[in-house]
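**Student:** Structure below; questions to follow.
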4 protein chains.
Amino acid sequence: MAGNTFGKVFRVTTFGESHGAAIGCVIDGVPSNIILCERDIQQELDRRKPGQSDVTTQRQEGDAVEILSGVLEGRTTGTPLALLIRNKDQQSSDYNNIKDVFRPGHADQTYFQKFGIRDHRGGGRSSGRETAARVAAGAVAKKILSLESIRVISYTLAIGDVRAMTIDYDVIEKNVVRAPDLRQAQAMIERINEVKEQGDSIGGIVETVVIGCPSGLGDPVFDKMESRISHAVMSIGAIKGIEFGAGFSAAKMLGSENNDTPVVENNKLKTLNNLAGGILGGIATGENICFRVAVKPPSSISRAQLAANKDLSLQKIEIKGRHDPCLCPRIVPVIEAMTALVLVDTLLIQKTIR
Amino acid sequence: MAGNTFGKVFRVTTFGESHGAAIGCVIDGVPSNIILCERDIQQELDRRKPGQSDVTTQRQEGDAVEILSGVLEGRTTGTPLALLIRNKDQQSSDYNNIKDVFRPGHADQTYFQKFGIRDHRGGGRSSGRETAARVAAGAVAKKILSLESIRVISYTLAIGDVRAMTIDYDVIEKNVVRAPDLRQAQAMIERINEVKEQGDSIGGIVETVVIGCPSGLGDPVFDKMESRISHAVMSIGAIKGIEFGAGFSAAKMLGSENNDTPVVENNKLKTLNNLAGGILGGIATGENICFRVAVKPPSSISRAQLAANKDLSLQKIEIKGRHDPCLCPRIVPVIEAMTALVLVDTLLIQKTIR
Amino acid sequence: MAGNTFGKVFRVTTFGESHGAAIGCVIDGVPSNIILCERDIQQELDRRKPGQSDVTTQRQEGDAVEILSGVLEGRTTGTPLALLIRNKDQQSSDYNNIKDVFRPGHADQTYFQKFGIRDHRGGGRSSGRETAARVAAGAVAKKILSLESIRVISYTLAIGDVRAMTIDYDVIEKNVVRAPDLRQAQAMIERINEVKEQGDSIGGIVETVVIGCPSGLGDPVFDKMESRISHAVMSIGAIKGIEFGAGFSAAKMLGSENNDTPVVENNKLKTLNNLAGGILGGIATGENICFRVAVKPPSSISRAQLAANKDLSLQKIEIKGRHDPCLCPRIVPVIEAMTALVLVDTLLIQKTIR
Amino acid sequence: MAGNTFGKVFRVTTFGESHGAAIGCVIDGVPSNIILCERDIQQELDRRKPGQSDVTTQRQEGDAVEILSGVLEGRTTGTPLALLIRNKDQQSSDYNNIKDVFRPGHADQTYFQKFGIRDHRGGGRSSGRETAARVAAGAVAKKILSLESIRVISYTLAIGDVRAMTIDYDVIEKNVVRAPDLRQAQAMIERINEVKEQGDSIGGIVETVVIGCPSGLGDPVFDKMESRISHAVMSIGAIKGIEFGAGFSAAKMLGSENNDTPVVENNKLKTLNNLAGGILGGIATGENICFRVAVKPPSSISRAQLAANKDLSLQKIEIKGRHDPCLCPRIVPVIEAMTALVLVDTLLIQKTIR
């Protein structure tokens, strides 16, 4: 109801504020006897953590995870998995001067309007820090997907106007912007640094491919695969749009162009171009699921801008602190995590249907 | 779980197949003492029904709704509202020849893969006909929203390359494509007719504006307003993308461009351009919520195309019958309905929070 | 949320008022390819319908069910099953004189307090008539359980002070009170007739045995098998208590008496007396699940009694009409239905766990 | 789905095993701006903790709670409340010798059957220790109820054959068995000590009264107040039966005896005897809600008994360790907590209905 739980069978509830004691999550519905240890989760958290490179925030947060329950001798027991990440390196006093300011582009204003109270320290619950708990849960989901040979791969397709020309999954983790094209990665890094020097930030596009998704996953009517993935991915703070397969370009196509032409390969039904993005009628076809999201430029910029105060007066502010000039590099593991949560859930739901 | 229910407090469960006995829905969680009659629902159904004009399918379906329960002497009683629409004008035998064919772009293949059985008559449950039940439920939601002065307005922004130049809400229902620009509406109609004559179909873009949404609606983290609207709207069969406010163009912007500049009007906090689309941190700001969706061209075209059979052989098919050459005109009330369902739900949820 | 849906995977939503147009239900989550026809459902409805004998109400209601969706050529398709029962033989005008009276023991008062409006015609939604929709849903559940050789058997254990001495499942449907003891059934019938002649009513106890429940069903912590069955069964209007296995007598026992002694039979773990009622830690052991419920005497009696009016004045009333002098005979299929709903749900949930 | 979450609006998810790192819970849906501190929770935990007296287990567990999130400067923020209780005083090695034994009356057998793996250390998740997390959540619920002047009071009505003769709420916390009758409390203590010396345990009855519940709470049909309270309370490990108002004695009554006679007091509708237990048609009348539960004797006894092993062989065992000879004294706060969770939830749900 209150929006902090995701999933139907594999249910993740996250908690925690940016500058509170801890963040974390409880996952109910984890199948029993899955081999799992803290290292499985830690390695995904390390992909999201701040301070990885020059193009991300310089904050240093270890984000060490502790499994509090649900695992016995390296195997899940079928009981809830509680994952805890203590907050460290909090500089809450940094935020005292913005206690009554609504930072542009942030949720300061709306949390106050919703709850009549807000945790001003680093955005509180609305902070991007909350996504660490999602990545932790997603790591568990990925572990289960790997047993079914399902892979989720996200990468930075574009930063501003700089776009990847080739797609090579193997180079994604070999460049700090997580682009699938090493040459363009370099151009992206330069663009980010340029923007950063101006005290500004920049947006981008992240593309995701799900490989090995069995046909039949996803549910009709209200829980179509597009619906559930959109729900999951659009819940990540900075994402303002999503499109599957041909996406917005389908709006300009004729039916004869957009309908995929079937081909049979190794006794399996495929299509020539998979313009449908691996989904028909909301249900996976067995081809790669493919979608792209629009990532807005980070709202925290050091350039002076006008902001409203709680009392509705306006003032110029310059946001201090160590902020990401572009979210794409660090949002990649978050998108993968949210996508993995949807896939595990549809996988478990499918067991109840036939 | 199985995907036929939408909403948390205001919960709509739809049922029915295109060529079965009936379609309809049950709505649980309707507040008591709302004035409601069948005419309220029928007028919305009439906006969605086939046969409205030359640019929609020529099928004639009355789609007469019956309220089976939940209303006493013109007022809701707080008990479930059951709405029934009997199917008529079914020409099921039309579909006998495609019993074992997977029509391109349709869910024929995936329903079979999911369930091991499929209702081949007109797409069964995956038919667009199912959306009549959503429109009926949405009519009830709109009735409740109107008590809070909240309006949901959708319109055809573009058909293929033809795009509205002006936005005039008053002309939307005065042209058969439901465009907000009478002049461009004419061009859109011409484009659809052109395509139709070629036995083809065409896509488009529908934009939605929510006027009067109170600030504070929507929930943090997983149930952000964008998440819930995306979930709702992406569950409509032909929609392949959605973007809020600046949407995909934000991916090319700098933070200093994309952050909205606050202004105070009549003691209310607003922004210069509302690039955020009326939502910050997933919660409504009180400004208009604005989003656009990509509508793919209808998959049923009479031009010959290659299709796969259940036994994986391929064959040429020409889809007979009376199909929409463009979905935009009739999808407008469906998008409004799904948006209204989300808004009513967030409105009722908000009552539990403060 | 609003209480008209039961179940997690196999989800039943009922609708309808006693004197409205119809009652019925929608079941989402029915596995595909289950053989099902209207007769399967009708035969359970016939066990619940009024007018079966002298000891039940003399109202004649056919309660003919129509399957509106979800079945194709005798098999479920995995889409929602909508079941419709039109109301007939409604004598709504009978109720005009009690429009502003709160009948003792009925929900008249509380529905008005809850909703600020109530359907006074025959109790509206609070009428026992609503349970017909449950029995219809339960019939579908039983069909699925039968595929796993699980049987649910309820019977009248006692009417007032008259108690069955023997338990013979084969005679239950051979006497009008549905007792498992033909001799005591006769005494029960006499007791009911005695009470009926006095314009009064009488309570009783119904016992239920689930045979063939696989070990492992039921969930830990909040969804223990006892919890879910209690939830289900206590939601039947007239039931005021439930106990499993030794039940309230366990409150007087020592641990050494109440702990079941294990025995091994045919390589299966059993117990000497199954005092636990087939459940340990909320999870089925594989032995028979056994529970008893207290059924209160029907509140509608023709003897004069004091009642409150909406304006808080008091008056003497005599309730006219054709009412059951004892609910046990007709509540038996309702308890079976609710139990079957729980069992099917736990069966489907279990598929997601290992 | 997997049973570790309770509630619809006020949703509690508990986690943790008896001998794992920690137990705790996350509560989503806590209204904002409620004054709350750790002491509010700790004082309820102290009522449940072991080692309070001679008649409870001698284990010493501090059960110190930490609020990890959701509270800012002494007020709830509307975000999830995470409560953590680290496990201490764990003597896991005590359990090595029962790794492959199914202790009689415990969930050892059924957890293994359900999950194919079990945490044998102190019962793991099935341990009564899990209820500490419920009590913590219940403390938050009680805080909210107190704002509406709703009180939940549970007490030991009987231990074995010794029953309270008078009901004086003020003495409940003044005797170690939490009986409402000081004289009979002494007899209960003697009975427990007698049983304890024999290496045995004993059952009892706990009664609960809810004072100040507004009329209208509870939902029709499947979520009747009795249903939801039964679900909540029957999910406590040792409880095997529940009855409301007249309960099982109603099974022997006539309608004319069981129907409550209305009286009007201070312009409020009441009844002479409240045999209905404060609930009609599943909805609160405004009178005290009253129910009783049967608490079985603890399964862990030191007297020798026969137990089954995982390989289905049988052996004599004597359960060592420090166990409760009677659960009533310590189950009282757990029952109060579960009842409070239901009441807060119905209170919040009611806000969405009118």
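Identifiers in this document derive from the order of the structure tokens: chains are assigned A, B, ..., residues are numbered from 1 separately in each chain, and ligands are numbered from 1 in order of occurrence.
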Enumerate the residues of region 155-286 of chain C with a DSSP assignment of alpha helix (DSSP H), computed from the backbone, and present them as a ChimeraX atom specification.
**Tutor:** /C:182-197,225-234,255-258
**Student:** Within 10 Å of chain A, which residues belong to chain C? Use only C-alpha atoms and report them as a PDB file with N, CA, C and O atoms, in the first residue's frame.
**Tutor:**
ATOM      1  N   MET C   1      -8.630  -5.292   0.113  1.00  0.00           N
ATOM      2  CA  MET C   1      -8.780  -4.233   1.116  1.00  0.00           C
ATOM      3  C   MET C   1     -10.192  -4.181   1.695  1.00  0.00           C
ATOM      4  O   MET C   1     -10.370  -4.204   2.884  1.00  0.00           O
ATOM      5  N   LYS C   8      -4.791 -15.811  -2.329  1.00  0.00           N
ATOM      6  CA  LYS C   8      -3.599 -15.124  -2.790  1.00  0.00           C
ATOM      7  C   LYS C   8      -3.270 -15.482  -4.230  1.00  0.00           C
ATOM      8  O   LYS C   8      -3.062 -14.614  -5.057  1.00  0.00           O
ATOM      9  N   VAL C   9      -3.237 -16.756  -4.533  1.00  0.00           N
ATOM     10  CA  VAL C   9      -2.990 -17.168  -5.913  1.00  0.00           C
ATOM     11  C   VAL C   9      -4.330 -17.471  -6.586  1.00  0.00           C
ATOM     12  O   VAL C   9      -4.625 -16.970  -7.657  1.00  0.00           O
ATOM     13  N   PHE C  10      -5.115 -18.274  -5.929  1.00  0.00           N
ATOM     14  CA  PHE C  10      -6.463 -18.608  -6.394  1.00  0.00           C
ATOM     15  C   PHE C  10      -7.369 -17.587  -5.712  1.00  0.00           C
ATOM     16  O   PHE C  10      -7.751 -17.740  -4.555  1.00  0.00           O
ATOM     17  N   GLY C  29      -6.647 -16.723 -11.273  1.00  0.00           N
ATOM     18  CA  GLY C  29      -5.611 -17.647 -10.837  1.00  0.00           C
ATOM     19  C   GLY C  29      -6.001 -19.111 -10.944  1.00  0.00           C
ATOM     20  O   GLY C  29      -5.338 -19.974 -10.366  1.00  0.00           O
ATOM     21  N   VAL C  30      -7.054 -19.398 -11.684  1.00  0.00           N
ATOM     22  CA  VAL C  30      -7.415 -20.802 -11.930  1.00  0.00           C
ATOM     23  C   VAL C  30      -6.410 -21.383 -12.922  1.00  0.00           C
ATOM     24  O   VAL C  30      -6.226 -20.840 -14.007  1.00  0.00           O
ATOM     25  N   PRO C  31      -5.726 -22.453 -12.557  1.00  0.00           N
ATOM     26  CA  PRO C  31      -4.778 -23.049 -13.503  1.00  0.00           C
ATOM     27  C   PRO C  31      -5.482 -23.441 -14.803  1.00  0.00           C
ATOM     28  O   PRO C  31      -6.680 -23.734 -14.809  1.00  0.00           O
ATOM     29  N   SER C  32      -4.744 -23.401 -15.887  1.00  0.00           N
ATOM     30  CA  SER C  32      -5.329 -23.730 -17.190  1.00  0.00           C
ATOM     31  C   SER C  32      -5.486 -25.233 -17.370  1.00  0.00           C
ATOM     32  O   SER C  32      -4.869 -26.031 -16.668  1.00  0.00           O
ATOM     33  N   ASN C  33      -6.354 -25.588 -18.303  1.00  0.00           N
ATOM     34  CA  ASN C  33      -6.544 -26.989 -18.701  1.00  0.00           C
ATOM     35  C   ASN C  33      -7.202 -27.885 -17.669  1.00  0.00           C
ATOM     36  O   ASN C  33      -7.072 -29.114 -17.739  1.00  0.00           O
ATOM     37  N   ILE C  34      -7.933 -27.278 -16.712  1.00  0.00           N
ATOM     38  CA  ILE C  34      -8.749 -28.068 -15.776  1.00  0.00           C
ATOM     39  C   ILE C  34     -10.097 -28.326 -16.456  1.00  0.00           C
ATOM     40  O   ILE C  34     -10.719 -27.406 -16.974  1.00  0.00           O
ATOM     41  N   THR C  77      -9.082 -21.899 -19.307  1.00  0.00           N
ATOM     42  CA  THR C  77      -8.050 -21.343 -20.190  1.00  0.00           C
ATOM     43  C   THR C  77      -6.969 -20.592 -19.419  1.00  0.00           C
ATOM     44  O   THR C  77      -6.038 -20.067 -20.026  1.00  0.00           O
ATOM     45  N   GLY C  78      -7.096 -20.487 -18.105  1.00  0.00           N
ATOM     46  CA  GLY C  78      -6.131 -19.722 -17.311  1.00  0.00           C
ATOM     47  C   GLY C  78      -6.548 -18.270 -17.129  1.00  0.00           C
ATOM     48  O   GLY C  78      -5.892 -17.517 -16.416  1.00  0.00           O
ATOM     49  N   THR C  79      -7.630 -17.881 -17.779  1.00  0.00           N
ATOM     50  CA  THR C  79      -8.155 -16.518 -17.623  1.00  0.00           C
ATOM     51  C   THR C  79      -9.266 -16.538 -16.563  1.00  0.00           C
ATOM     52  O   THR C  79      -9.712 -17.617 -16.164  1.00  0.00           O
ATOM     53  N   ASP C 219       1.707 -22.002   5.510  1.00  0.00           N
ATOM     54  CA  ASP C 219       2.909 -21.183   5.539  1.00  0.00           C
ATOM     55  C   ASP C 219       3.266 -20.770   6.954  1.00  0.00           C
ATOM     56  O   ASP C 219       2.416 -20.670   7.818  1.00  0.00           O
ATOM     57  N   PRO C 220       4.541 -20.516   7.188  1.00  0.00           N
ATOM     58  CA  PRO C 220       4.988 -20.179   8.535  1.00  0.00           C
ATOM     59  C   PRO C 220       4.434 -18.829   8.988  1.00  0.00           C
ATOM     60  O   PRO C 220       3.911 -18.062   8.192  1.00  0.00           O
ATOM     61  N   VAL C 221       4.579 -18.580  10.231  1.00  0.00           N
ATOM     62  CA  VAL C 221       4.355 -17.285  10.856  1.00  0.00           C
ATOM     63  C   VAL C 221       2.911 -16.804  10.685  1.00  0.00           C
ATOM     64  O   VAL C 221       2.016 -17.332  11.337  1.00  0.00           O
ATOM     65  N   ASP C 345      -5.355 -22.802  -2.524  1.00  0.00           N
ATOM     66  CA  ASP C 345      -4.421 -21.679  -2.486  1.00  0.00           C
ATOM     67  C   ASP C 345      -3.062 -22.125  -1.926  1.00  0.00           C
ATOM     68  O   ASP C 345      -2.015 -21.804  -2.492  1.00  0.00           O
ATOM     69  N   LEU C 347      -1.859 -25.058  -1.906  1.00  0.00           N
ATOM     70  CA  LEU C 347      -1.301 -26.015  -2.883  1.00  0.00           C
ATOM     71  C   LEU C 347      -0.560 -25.261  -3.985  1.00  0.00           C
ATOM     72  O   LEU C 347       0.554 -25.632  -4.380  1.00  0.00           O
ATOM     73  N   LEU C 348      -1.153 -24.193  -4.492  1.00  0.00           N
ATOM     74  CA  LEU C 348      -0.523 -23.421  -5.567  1.00  0.00           C
ATOM     75  C   LEU C 348       0.662 -22.622  -5.025  1.00  0.00           C
ATOM     76  O   LEU C 348       1.689 -22.507  -5.690  1.00  0.00           O
ATOM     77  N   ILE C 349       0.530 -22.096  -3.820  1.00  0.00           N
ATOM     78  CA  ILE C 349       1.639 -21.345  -3.216  1.00  0.00           C
ATOM     79  C   ILE C 349       2.851 -22.254  -3.024  1.00  0.00           C
ATOM     80  O   ILE C 349       3.984 -21.859  -3.272  1.00  0.00           O
ATOM     81  N   GLN C 350       2.588 -23.474  -2.609  1.00  0.00           N
ATOM     82  CA  GLN C 350       3.697 -24.394  -2.332  1.00  0.00           C
ATOM     83  C   GLN C 350       4.567 -24.614  -3.574  1.00  0.00           C
ATOM     84  O   GLN C 350       5.770 -24.854  -3.456  1.00  0.00           O
ATOM     85  N   LYS C 351       3.962 -24.506  -4.758  1.00  0.00           N
ATOM     86  CA  LYS C 351       4.744 -24.692  -5.993  1.00  0.00           C
ATOM     87  C   LYS C 351       5.827 -23.636  -6.175  1.00  0.00           C
ATOM     88  O   LYS C 351       6.751 -23.808  -6.962  1.00  0.00           O
ATOM     89  N   THR C 352       5.675 -22.525  -5.485  1.00  0.00           N
ATOM     90  CA  THR C 352       6.645 -21.432  -5.659  1.00  0.00           C
ATOM     91  C   THR C 352       7.798 -21.508  -4.665  1.00  0.00           C
ATOM     92  O   THR C 352       8.723 -20.707  -4.728  1.00  0.00           O
ATOM     93  N   ILE C 353       7.741 -22.464  -3.755  1.00  0.00           N
ATOM     94  CA  ILE C 353       8.660 -22.442  -2.605  1.00  0.00           C
ATOM     95  C   ILE C 353       9.861 -23.363  -2.740  1.00  0.00           C
ATOM     96  O   ILE C 353      10.948 -23.077  -2.262  1.00  0.00           O
ATOM     97  N   ARG C 354       9.690 -24.484  -3.402  1.00  0.00           N
ATOM     98  CA  ARG C 354      10.815 -25.427  -3.563  1.00  0.00           C
ATOM     99  C   ARG C 354      11.143 -25.612  -5.030  1.00  0.00           C
ATOM    100  O   ARG C 354      10.273 -25.659  -5.863  1.00  0.00           O
TER     101      ARG C 354
END
**Student:** With a distance cut-off of 12 Å and only C-alpha atoms, select the neighbouring residues of Thr76 (chain C), excluding the residue or stretch itself and same-chain residues fewer than 2 positions from it, and output the selection as a ChimeraX atom specification.
**Tutor:** /A:353-354 /B:115-119 /C:27-38,67-74,78-82,140,143-144
**Student:** Quick one: residues within 7 Å of Val342 (chain D), only C-alpha atoms counted, chain neighbours fewer than 3 positions away excluded, as a list in words?
**Tutor:**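 Near neighbours after the sequence-gap exclusion: Arg228, Ile229, Met338, Thr339, Asp345 and Thr346 of chain D.
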**Student:** Applying 7 Å and only C-alpha atoms, which residues near region 185-195 of chain A remain after dropping the ones on its own chain fewer than 5 positions away? List them as a list in words.
**Tutor:**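 The neighbour list is Val55, Ile159, Val162, Asn175, Val177, Ala179, Asp200, Ser201, Ile202, Pro325 and Cys326 of chain A.
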**Student:** Given the selection you just returned, output its residues as a file containing C-alpha atoms, formatted as a compact mmCIF listing (two decimals), in the first residue's frame.
**Tutor:**
# COMPACT_ATOMS: atom_id res chain seq x y z
CA VAL A 55 32.73 10.43 -13.40
CA ILE A 159 25.17 10.34 -22.60
CA VAL A 162 27.06 10.90 -27.50
CA ASN A 175 34.86 1.34 -18.95
CA VAL A 177 30.50 4.78 -17.95
CA ALA A 179 28.96 1.70 -22.34
CA ASP A 200 26.33 21.09 -14.20
CA SER A 201 25.06 17.56 -14.86
CA ILE A 202 23.85 15.58 -17.86
CA PRO A 325 27.47 14.57 -12.72
CA CYS A 326 25.67 11.78 -14.63
**Student:** Determine, counting only C-alpha atoms, which protein, DNA and RNA residues have an atom within 8 Å of an atom of region 297-312 of chain B; residues of the same chain fewer than 5 positions away are not included. Present the result as a count of residues only.
**Tutor:** 40
**Student:** Just the number, please: distance in Å from CA of Glu207 (chain D) to CA of Phe248 (chain C), one decimal.
**Tutor:**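 Here the two named atoms are 12.7 Å from each other.
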**Student:** Identify, on the basis of only C-alpha atoms, every residue whose closest approach to Lys240 (chain A) does not exceed 9 Å; exclude the query and any residue fewer than 4 positions from it along the same chain; express the result as a ChimeraX atom specification.
**Tutor:** /A:234,293-296 /B:226,242-248,250-251,276
**Student:** If DSSP is run on the backbone, what residues of region 161-317 of chain C are strand (DSSP E)? A reply as an NGL selection string would be ideal.
**Tutor:** :C and (162-163 or 204-211 or 239-244 or 262-265 or 268-271 or 279-280 or 283-284 or 289-295 or 305-309 or 314-317)
**Student:** If I take CA of Ala2 (chain A) and CA of Thr14 (chain A), how far is one from the other in Å, to one decimal?
**Tutor:** 11.5 Å
